[in-house]
Amino acid sequence: MIGIDGIKKIIPHRFPILLLDRVLDVSPGESLVAVKAVTGTEPCYERIGDQEGPGAYHYPWPLLLESWAQAAALLALWESPTPDVLTGDVVLAGGMRNVRFHHPVLPGQVIEHRVRMVRKVGENAIMEGESLVGPVVVQEMGTMIETTRPIGVLA
């Protein structure tokens, strides 16, 4: 199990866009389980007024998707960490298919992201998985393609 300090040694994401708190389990090249605790102090909630109802606190789907994608990036970079976006390799998200959102996530809940490597060909990886709150699946990722490229090629 690794925490924020270990995550930051593998991927370049930092506050406020680092959306993972801990890695619970990893089988390099195969699967990874990471968690993110949603709190009421997330930047996405700072403009919600007192008159808003509970629906205003649904964790935004794009952030849920980004958090899962960061877990996928961790799996992709696990054996070759790139904590600095200015050097080394960068993981780029390609296409996503069959993404489904099932239930809202609220402050106080912990999201568990499960990522599985379907196939890896060279610098390209196909991942699949889901996100859960307790036993409830809140998001499914049919497939996501990620590719790793040297930063020099992208600059």
# chains A, B, ... in the order shown; residues from 1 in each chain; ligands from 1

call {"tool": "select_by_dssp", "arguments": {"residues": "range 36-70 of chain A", "states": "alpha helix (DSSP H)", "output": "list in words"}}
result
Trp61, Pro62, Leu63, Leu64, Leu65, Glu66, Ser67, Trp68, Ala69 and Gln70 of chain A

call {"tool": "residues_around", "arguments": {"residues": "Val115 in chain A", "least_positions_apart": "6", "cutoff": "7 Å", "atoms": "only C-alpha atoms", "output": "list in words"}}
result
Ser31, Leu32, Val33, Ala71, Ala72, Met127, Glu128, Gly129 and Glu130 of chain A

call {"tool": "closest_residue", "arguments": {"among": "A:Ser131, A:Thr147, A:Ser27, A:Thr87", "to": "Val110 in chain A", "atoms": "only C-alpha atoms"}}
result
A:Ser131

call {"tool": "residues_around", "arguments": {"residues": "range 136-146 of chain A", "least_positions_apart": "6", "cutoff": "9 Å", "atoms": "only C-alpha atoms", "output": "tab-separated table (two decimals) with C-alpha atoms, in the first residue's frame"}}
result
chain	number	residue	atom	x	y	z
A	61	TRP	CA	-18.62	12.85	-13.39
A	64	LEU	CA	-14.68	10.75	-11.21
A	65	LEU	CA	-13.49	9.79	-14.69
A	68	TRP	CA	-10.05	6.56	-12.49
A	69	ALA	CA	-7.76	7.59	-15.37
A	72	ALA	CA	-4.84	3.74	-14.91
A	73	ALA	CA	-1.81	6.02	-15.41
A	76	ALA	CA	0.88	2.15	-16.84
A	91	VAL	CA	0.85	9.06	-20.30
A	92	LEU	CA	-1.80	10.29	-22.71
A	93	ALA	CA	-5.41	9.16	-22.65
A	94	GLY	CA	-6.78	8.03	-25.99
A	95	GLY	CA	-10.24	6.77	-26.66
A	96	MET	CA	-12.77	5.63	-24.08
A	97	ARG	CA	-15.60	3.25	-24.84
A	98	ASN	CA	-18.64	2.11	-22.93
A	99	VAL	CA	-18.24	4.51	-20.00
A	100	ARG	CA	-21.26	4.32	-17.74
A	101	PHE	CA	-22.14	6.33	-14.65
A	102	HIS	CA	-24.58	4.61	-12.32
A	103	HIS	CA	-24.81	6.42	-8.97
A	104	PRO	CA	-23.78	9.79	-7.58
A	105	VAL	CA	-20.82	10.06	-5.22
A	111	ILE	CA	-14.25	5.77	-4.16
A	115	VAL	CA	-8.11	-0.93	-13.12
A	118	VAL	CA	-6.52	-5.84	-20.98
A	123	GLU	CA	3.75	2.01	-25.66
A	124	ASN	CA	-0.02	1.49	-25.90
A	125	ALA	CA	-2.22	-0.05	-23.25
A	126	ILE	CA	-5.90	-0.98	-23.20
A	127	MET	CA	-7.40	-0.76	-19.71
A	128	GLU	CA	-10.80	-1.57	-18.26
A	129	GLY	CA	-12.36	-1.37	-14.82
A	130	GLU	CA	-14.84	0.23	-12.52

call {"tool": "select_by_dssp", "arguments": {"residues": "range 29-117 of chain A", "states": "strand (DSSP E or B)", "output": "list in words"}}
result
Ser31, Leu32, Val33, Ala34, Val35, Lys36, Ala37, Asp89, Val90, Val91, Leu92, Ala93, Gly94, Gly95, Met96, Arg97, Asn98, Val99, Arg100, Phe101, Val110, Ile111, Glu112, His113, Arg114, Val115, Arg116 and Met117 of chain A

call {"tool": "atom_distance", "arguments": {"atom1": "CA of Lys8 in chain A", "atom2": "CA of Pro83 in chain A"}}
result
6.1 Å

call {"tool": "residues_around", "arguments": {"residues": "Leu86 in chain A", "least_positions_apart": "4", "cutoff": "12 Å", "atoms": "only C-alpha atoms", "output": "JSON, numbers by chain"}}
result
{"A": [11, 12, 82, 90, 150, 151, 152, 153, 154, 155]}

call {"tool": "closest_residue", "arguments": {"among": "A:Glu42, A:Val35, A:Leu106, A:Gly122", "to": "Gly55 in chain A", "atoms": "only C-alpha atoms"}}
result
A:Leu106

call {"tool": "closest_residue", "arguments": {"among": "A:Pro28, A:Pro107, A:Ser67, A:Arg116", "to": "Pro54 in chain A", "atoms": "only C-alpha atoms"}}
result
A:Pro107
